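Working notes for the structure below.
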Amino acid sequence: MSKNGVLLLQLVIITIGLSYFIISANALTASGWTQAHATFYGGSDASGTMGGACGYGNLYSAGYGTRTAALSTALFNNGASCGQCFKIMCDYNSDPQWCKKGVSVTVTATNFCPPNFDLPSDNGGWCNPPRQHFDMAQPAWEKIGIYRGGIVPVIYQRVPCKKHGGVRFTISGRDYFELVLITNVGNAGSIQSVQIKGPKTGWMPMSRNWGANWQSNSFLNGQSISFMVTTTDGIVKTFLNVVPSNWAFGQTFSSPAQF
C-alpha cells in the first residue's frame, strides 16, 4: 500500500473512532444502585396497567408491553420521569424467602403510584413520600419476586431505554390547542422540553400538560409540523415535518429518528 493509502486508512480509522466516541458520550450511562421496595398490580396479563398517569394509553400497542411500573412521588417527579427505564433486582440478601436470586428486570415508568396517608408508610402506604417505591406490572414483578411475598426489597438503577423504531407523536385536542403525546423515546426515555413549528411559524415552546403530553395553543391546521425535543440528559433532536400537512386530530406519526 502506498504512503497516501496508509494515511487515508489511518484517517478513516480515526474518524470512525471519533464518531463512536461522540455517540457513546451522548448515551445515558447507568446510575449507581439504590435501595427501594416493589409491589405489583394490574393482574397476571398486566391488563390493569393500561392508561396511567403518563398518558401512554394501551401499553401493548404503544410498545411498552408488560415490563412497566408506577413510581412513587419521590420518583415520579410530577410526570417528568415518564418514560425513564429502571433495572430492578430483588434484594436477596435482605429477603431470601421471597426474592429470586441473581435475576433482574428492566421496566419503563408509565404510571404514578399515589400516596395513601391513611396507612403507615411501612404497612400499606408503600408509595408515601419520601419512600422510593415501584408498583410494577405483575408479570415484570414476578421475574424477580415470588408471588406470595407481595412486597419485596429491591435495588435499582436508572439505565438507558432501548426502543424499537423511532419516536412517535400522537396529536389530540382541537383548533388552537394541540395536545401531543410523545412516546417510544430511547436512551434517557424522559423529556425535558419540546418546541413545535409549522412552515408559517418559528419555533414555539410547548408546555407539559400532564405525563408525557405536551400542549401548544397555536393554529397549525393544514400545516406540516416539526418538533424539537430535548430529553432530560440534555440531548436535542429535531424531527422536521414528521407530521404531514394533511394531519388530523387523533392520528399518530412515527419518525425514523431515535435518541
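Residue numbering restarts at 1 for every chain of the C-alpha cells, chains are lettered A, B, ... in their displayed order, and ligands are numbered from 1 as they appear.
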field: Distance query Val242 (chain A) at most 7 Å, only C-alpha atoms, self and fewer than 6 positions along chain excluded, as an NGL selection string
entry: :A and (225-226 or 253 or 255)
task: Determine which residues of region 131-218 of chain A DSSP labels as helix (DSSP H, G or I) from the backbone of this structure, then write them out as a PyMOL selection string.
output: chain A and resi 138-141+147-149
- prompt: If you count only C-alpha atoms, which residues fall within 12 Å of Gly32 (chain A), apart from same-chain ones fewer than 4 positions away, as a ChimeraX atom specification?
  reply: /A:86-88,155-159
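With distances restricted to only C-alpha atoms, A:Ala30 is the closest residue to Gln84 (chain A) from A:Val236, A:Ile171, A:Ala46, A:Ala30.
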- request: Could you tell me which of A:Thr106, A:Thr49, A:Asn58, A:Asn213 comes closest to Gly79 (chain A) if we count only C-alpha atoms?
  value: A:Asn213
field: Spatial neighbours of region 216-218 of chain A, 12 Å, only C-alpha atoms, chain gap at least 4 places, as a list in words
entry: Ile171, Ser172, Gly173, Arg174, Asp175, Tyr176, Phe177, Glu178, Leu179, Val180, Leu181, Val194, Gln195, Ile196, Lys197, Gly198, Lys200, Thr201, Gly202, Trp203, Met204, Pro205, Met206, Ser207, Arg208, Asn209, Gln223, Ile225 and Phe227 of chain A
Residue with smallest distance to Pro153 (chain A) - pool A:Ser81, A:Asn128, A:Gln35, A:Ser104, counting only C-alpha atoms: A:Gln35
- prompt: Smallest atom-to-atom distance to Gly57 (chain A): which of A:Leu119, A:Asn111, A:His133, A:Val243, using only C-alpha atoms?
  reply: A:Asn111
List the neighbours of Phe112 (chain A) out to 12 Å using only C-alpha atoms; skip same-chain residues closer than 6 positions along the sequence, and give me the result as a PDB file with N, CA and C atoms, in the first residue's frame.
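Output file result_30.pdb is given in full below:
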```
ATOM      1  N   THR A  49     -52.860  -2.337  33.961  1.00  0.00           N
ATOM      2  CA  THR A  49     -51.865  -1.254  33.948  1.00  0.00           C
ATOM      3  C   THR A  49     -52.091  -0.283  32.789  1.00  0.00           C
ATOM      4  N   GLY A  51     -53.474   2.705  30.359  1.00  0.00           N
ATOM      5  CA  GLY A  51     -53.745   4.098  30.721  1.00  0.00           C
ATOM      6  C   GLY A  51     -52.623   4.607  31.611  1.00  0.00           C
ATOM      7  N   GLY A  52     -52.983   5.168  32.741  1.00  0.00           N
ATOM      8  CA  GLY A  52     -51.962   5.603  33.681  1.00  0.00           C
ATOM      9  C   GLY A  52     -51.628   7.074  33.571  1.00  0.00           C
ATOM     10  N   ALA A  53     -50.893   7.551  34.553  1.00  0.00           N
ATOM     11  CA  ALA A  53     -50.643   8.981  34.720  1.00  0.00           C
ATOM     12  C   ALA A  53     -49.657   9.563  33.713  1.00  0.00           C
ATOM     13  N   CYS A  54     -49.010   8.717  32.927  1.00  0.00           N
ATOM     14  CA  CYS A  54     -48.125   9.238  31.874  1.00  0.00           C
ATOM     15  C   CYS A  54     -48.876   9.439  30.560  1.00  0.00           C
ATOM     16  N   GLY A  55     -50.062   8.839  30.453  1.00  0.00           N
ATOM     17  CA  GLY A  55     -50.888   9.063  29.270  1.00  0.00           C
ATOM     18  C   GLY A  55     -50.565   8.177  28.086  1.00  0.00           C
ATOM     19  N   THR A  68     -43.473  -2.688  32.897  1.00  0.00           N
ATOM     20  CA  THR A  68     -43.722  -1.298  33.239  1.00  0.00           C
ATOM     21  C   THR A  68     -43.862  -1.164  34.748  1.00  0.00           C
ATOM     22  N   ALA A  69     -43.885   0.087  35.211  1.00  0.00           N
ATOM     23  CA  ALA A  69     -44.034   0.327  36.647  1.00  0.00           C
ATOM     24  C   ALA A  69     -44.650   1.691  36.899  1.00  0.00           C
ATOM     25  N   ALA A  70     -45.394   1.771  38.012  1.00  0.00           N
ATOM     26  CA  ALA A  70     -45.862   3.047  38.540  1.00  0.00           C
ATOM     27  C   ALA A  70     -44.868   3.492  39.606  1.00  0.00           C
ATOM     28  N   LEU A  71     -44.511   4.768  39.591  1.00  0.00           N
ATOM     29  CA  LEU A  71     -43.492   5.295  40.501  1.00  0.00           C
ATOM     30  C   LEU A  71     -44.129   6.060  41.655  1.00  0.00           C
ATOM     31  N   SER A  72     -43.521   5.958  42.820  1.00  0.00           N
ATOM     32  CA  SER A  72     -43.975   6.743  43.964  1.00  0.00           C
ATOM     33  C   SER A  72     -43.639   8.220  43.746  1.00  0.00           C
ATOM     34  N   THR A  73     -44.206   9.080  44.585  1.00  0.00           N
ATOM     35  CA  THR A  73     -43.998  10.528  44.470  1.00  0.00           C
ATOM     36  C   THR A  73     -42.520  10.886  44.390  1.00  0.00           C
ATOM     37  N   ALA A  74     -41.709  10.217  45.199  1.00  0.00           N
ATOM     38  CA  ALA A  74     -40.283  10.531  45.260  1.00  0.00           C
ATOM     39  C   ALA A  74     -39.566  10.269  43.950  1.00  0.00           C
ATOM     40  N   LEU A  75     -40.124   9.395  43.106  1.00  0.00           N
ATOM     41  CA  LEU A  75     -39.500   9.041  41.836  1.00  0.00           C
ATOM     42  C   LEU A  75     -40.211   9.649  40.634  1.00  0.00           C
ATOM     43  N   PHE A  76     -41.521   9.904  40.760  1.00  0.00           N
ATOM     44  CA  PHE A  76     -42.340  10.308  39.607  1.00  0.00           C
ATOM     45  C   PHE A  76     -42.023  11.720  39.120  1.00  0.00           C
ATOM     46  N   ASN A  77     -41.684  12.602  40.024  1.00  0.00           N
ATOM     47  CA  ASN A  77     -41.260  13.965  39.668  1.00  0.00           C
ATOM     48  C   ASN A  77     -42.320  14.705  38.845  1.00  0.00           C
ATOM     49  N   ASN A  78     -43.578  14.600  39.296  1.00  0.00           N
ATOM     50  CA  ASN A  78     -44.688  15.288  38.632  1.00  0.00           C
ATOM     51  C   ASN A  78     -44.797  14.968  37.137  1.00  0.00           C
ATOM     52  N   GLY A  79     -44.419  13.775  36.768  1.00  0.00           N
ATOM     53  CA  GLY A  79     -44.533  13.345  35.383  1.00  0.00           C
ATOM     54  C   GLY A  79     -43.254  13.473  34.572  1.00  0.00           C
ATOM     55  N   ALA A  80     -42.258  14.171  35.115  1.00  0.00           N
ATOM     56  CA  ALA A  80     -41.011  14.366  34.368  1.00  0.00           C
ATOM     57  C   ALA A  80     -40.226  13.065  34.219  1.00  0.00           C
ATOM     58  N   SER A  81     -40.556  12.051  35.017  1.00  0.00           N
ATOM     59  CA  SER A  81     -39.864  10.757  34.922  1.00  0.00           C
ATOM     60  C   SER A  81     -40.560   9.784  33.975  1.00  0.00           C
ATOM     61  N   CYS A  82     -41.692  10.192  33.399  1.00  0.00           N
ATOM     62  CA  CYS A  82     -42.390   9.301  32.464  1.00  0.00           C
ATOM     63  C   CYS A  82     -41.458   8.878  31.331  1.00  0.00           C
ATOM     64  N   GLY A  83     -41.420   7.581  31.084  1.00  0.00           N
ATOM     65  CA  GLY A  83     -40.587   7.055  30.004  1.00  0.00           C
ATOM     66  C   GLY A  83     -39.205   6.610  30.429  1.00  0.00           C
ATOM     67  N   CYS A 127     -46.288   3.865  48.894  1.00  0.00           N
ATOM     68  CA  CYS A 127     -45.856   4.934  47.991  1.00  0.00           C
ATOM     69  C   CYS A 127     -45.861   6.314  48.649  1.00  0.00           C
ATOM     70  N   ASN A 128     -46.016   6.332  49.961  1.00  0.00           N
ATOM     71  CA  ASN A 128     -45.986   7.607  50.677  1.00  0.00           C
ATOM     72  C   ASN A 128     -44.600   8.237  50.603  1.00  0.00           C
ATOM     73  N   GLN A 132     -39.003   5.582  48.146  1.00  0.00           N
ATOM     74  CA  GLN A 132     -38.787   5.265  46.737  1.00  0.00           C
ATOM     75  C   GLN A 132     -39.363   3.870  46.502  1.00  0.00           C
ATOM     76  N   HIS A 133     -40.409   3.831  45.683  1.00  0.00           N
ATOM     77  CA  HIS A 133     -41.161   2.588  45.546  1.00  0.00           C
ATOM     78  C   HIS A 133     -41.598   2.389  44.103  1.00  0.00           C
ATOM     79  N   PHE A 134     -41.577   1.126  43.669  1.00  0.00           N
ATOM     80  CA  PHE A 134     -42.050   0.737  42.337  1.00  0.00           C
ATOM     81  C   PHE A 134     -43.255  -0.179  42.502  1.00  0.00           C
ATOM     82  N   ASP A 135     -44.398   0.225  41.944  1.00  0.00           N
ATOM     83  CA  ASP A 135     -45.547  -0.663  41.856  1.00  0.00           C
ATOM     84  C   ASP A 135     -45.520  -1.222  40.434  1.00  0.00           C
ATOM     85  N   MET A 136     -44.986  -2.411  40.293  1.00  0.00           N
ATOM     86  CA  MET A 136     -44.656  -2.961  38.988  1.00  0.00           C
ATOM     87  C   MET A 136     -45.814  -3.752  38.399  1.00  0.00           C
ATOM     88  N   TRP A 210     -49.750  17.068  31.042  1.00  0.00           N
ATOM     89  CA  TRP A 210     -49.712  16.023  32.072  1.00  0.00           C
ATOM     90  C   TRP A 210     -48.939  14.840  31.520  1.00  0.00           C
ATOM     91  N   GLY A 211     -48.209  14.169  32.398  1.00  0.00           N
ATOM     92  CA  GLY A 211     -47.445  13.000  31.983  1.00  0.00           C
ATOM     93  C   GLY A 211     -46.545  13.288  30.802  1.00  0.00           C
TER      94      GLY A 211
END
```
Residue neighbourhood Gly125 (chain A), 7 Å, only C-alpha atoms, exclusion window fewer than 6 positions, as a PDB file with all heavy atoms, in the first residue's frame:
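New file out39.pdb:
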```pdb
ATOM      1  N   PRO A 115     -49.741   8.328  46.981  1.00  0.00           N
ATOM      2  CA  PRO A 115     -49.604   8.045  48.407  1.00  0.00           C
ATOM      3  C   PRO A 115     -50.947   7.686  49.027  1.00  0.00           C
ATOM      4  O   PRO A 115     -52.007   8.044  48.502  1.00  0.00           O
ATOM      5  CB  PRO A 115     -49.066   9.363  48.978  1.00  0.00           C
ATOM      6  CG  PRO A 115     -49.507  10.414  48.014  1.00  0.00           C
ATOM      7  CD  PRO A 115     -49.517   9.752  46.665  1.00  0.00           C
ATOM      8  N   ASN A 116     -50.909   6.959  50.119  1.00  0.00           N
ATOM      9  CA  ASN A 116     -52.106   6.637  50.903  1.00  0.00           C
ATOM     10  C   ASN A 116     -51.800   7.011  52.352  1.00  0.00           C
ATOM     11  O   ASN A 116     -51.279   6.205  53.119  1.00  0.00           O
ATOM     12  CB  ASN A 116     -52.449   5.159  50.778  1.00  0.00           C
ATOM     13  CG  ASN A 116     -53.732   4.790  51.510  1.00  0.00           C
ATOM     14  OD1 ASN A 116     -54.300   5.605  52.249  1.00  0.00           O
ATOM     15  ND2 ASN A 116     -54.204   3.566  51.328  1.00  0.00           N
ATOM     16  N   PHE A 117     -52.139   8.232  52.701  1.00  0.00           N
ATOM     17  CA  PHE A 117     -51.762   8.752  54.012  1.00  0.00           C
ATOM     18  C   PHE A 117     -52.624   8.178  55.134  1.00  0.00           C
ATOM     19  O   PHE A 117     -52.341   8.446  56.311  1.00  0.00           O
ATOM     20  CB  PHE A 117     -51.817  10.280  54.000  1.00  0.00           C
ATOM     21  CG  PHE A 117     -50.816  10.906  53.075  1.00  0.00           C
ATOM     22  CD1 PHE A 117     -51.233  11.616  51.965  1.00  0.00           C
ATOM     23  CD2 PHE A 117     -49.451  10.762  53.289  1.00  0.00           C
ATOM     24  CE1 PHE A 117     -50.308  12.195  51.104  1.00  0.00           C
ATOM     25  CE2 PHE A 117     -48.520  11.329  52.441  1.00  0.00           C
ATOM     26  CZ  PHE A 117     -48.953  12.049  51.342  1.00  0.00           C
ATOM     27  N   LEU A 119     -52.674   5.083  55.692  1.00  0.00           N
ATOM     28  CA  LEU A 119     -51.918   3.917  56.137  1.00  0.00           C
ATOM     29  C   LEU A 119     -50.469   4.300  56.402  1.00  0.00           C
ATOM     30  O   LEU A 119     -49.923   5.188  55.737  1.00  0.00           O
ATOM     31  CB  LEU A 119     -51.962   2.808  55.073  1.00  0.00           C
ATOM     32  CG  LEU A 119     -53.346   2.207  54.779  1.00  0.00           C
ATOM     33  CD1 LEU A 119     -53.263   1.228  53.619  1.00  0.00           C
ATOM     34  CD2 LEU A 119     -53.909   1.512  56.024  1.00  0.00           C
TER      35      LEU A 119
END
```
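Rounded to one decimal, CA of Ser31 (chain A) and CA of Ala188 (chain A) lie 11.6 Å from each other.
Each of A:Thr232, A:Ala212, A:Pro120, A:Val185 was checked against His164 (chain A) using only C-alpha atoms; the smallest atom-to-atom distance is that of A:Val185.
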field: Residue among A:Pro96, A:Gly150, A:Pro114, A:Pro130 lying closest to Ala38 (chain A), counting only C-alpha atoms
entry: A:Gly150
Thr66 (chain A) surroundings by only C-alpha atoms, 12 Å radius, close-in-sequence under 6 positions cut, as a VMD selection string: chain A and resid 40 to 50 58 to 60 105 to 110 136 to 143
Dump as a compact mmCIF listing (two decimals), in the first residue's frame, selection limited to C-alpha atoms:
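Saved the output as again-v3.txt:
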```
# COMPACT_ATOMS: atom_id res chain seq x y z
CA PHE A 40 -47.23 -5.35 41.85
CA TYR A 41 -50.57 -4.54 40.24
CA GLY A 42 -52.57 -5.00 37.05
CA GLY A 43 -53.15 -8.76 37.05
CA SER A 44 -51.21 -11.63 35.53
CA ASP A 45 -51.66 -10.22 32.00
CA ALA A 46 -50.96 -6.62 33.10
CA SER A 47 -54.30 -5.52 31.60
CA GLY A 48 -54.92 -3.39 34.69
CA THR A 49 -51.87 -1.25 33.95
CA MET A 50 -53.32 0.32 30.78
CA ASN A 58 -52.70 0.98 25.61
CA LEU A 59 -49.23 -0.08 26.70
CA TYR A 60 -49.28 -3.08 24.36
CA VAL A 105 -35.83 -6.94 35.00
CA THR A 106 -35.87 -3.60 33.19
CA VAL A 107 -39.10 -1.61 33.35
CA THR A 108 -40.35 1.66 31.87
CA ALA A 109 -42.08 4.27 34.06
CA THR A 110 -45.65 4.58 32.73
CA MET A 136 -44.66 -2.96 38.99
CA ALA A 137 -46.80 -4.72 36.41
CA GLN A 138 -47.31 -8.20 37.84
CA PRO A 139 -45.51 -10.09 35.03
CA ALA A 140 -42.43 -7.88 35.50
CA TRP A 141 -42.51 -8.21 39.29
CA GLU A 142 -42.74 -11.99 39.09
CA LYS A 143 -39.46 -12.02 37.17
```
- line: What separates CA of Gly189 (chain A) and CA of Trp247 (chain A) is a distance of 25.7 Å
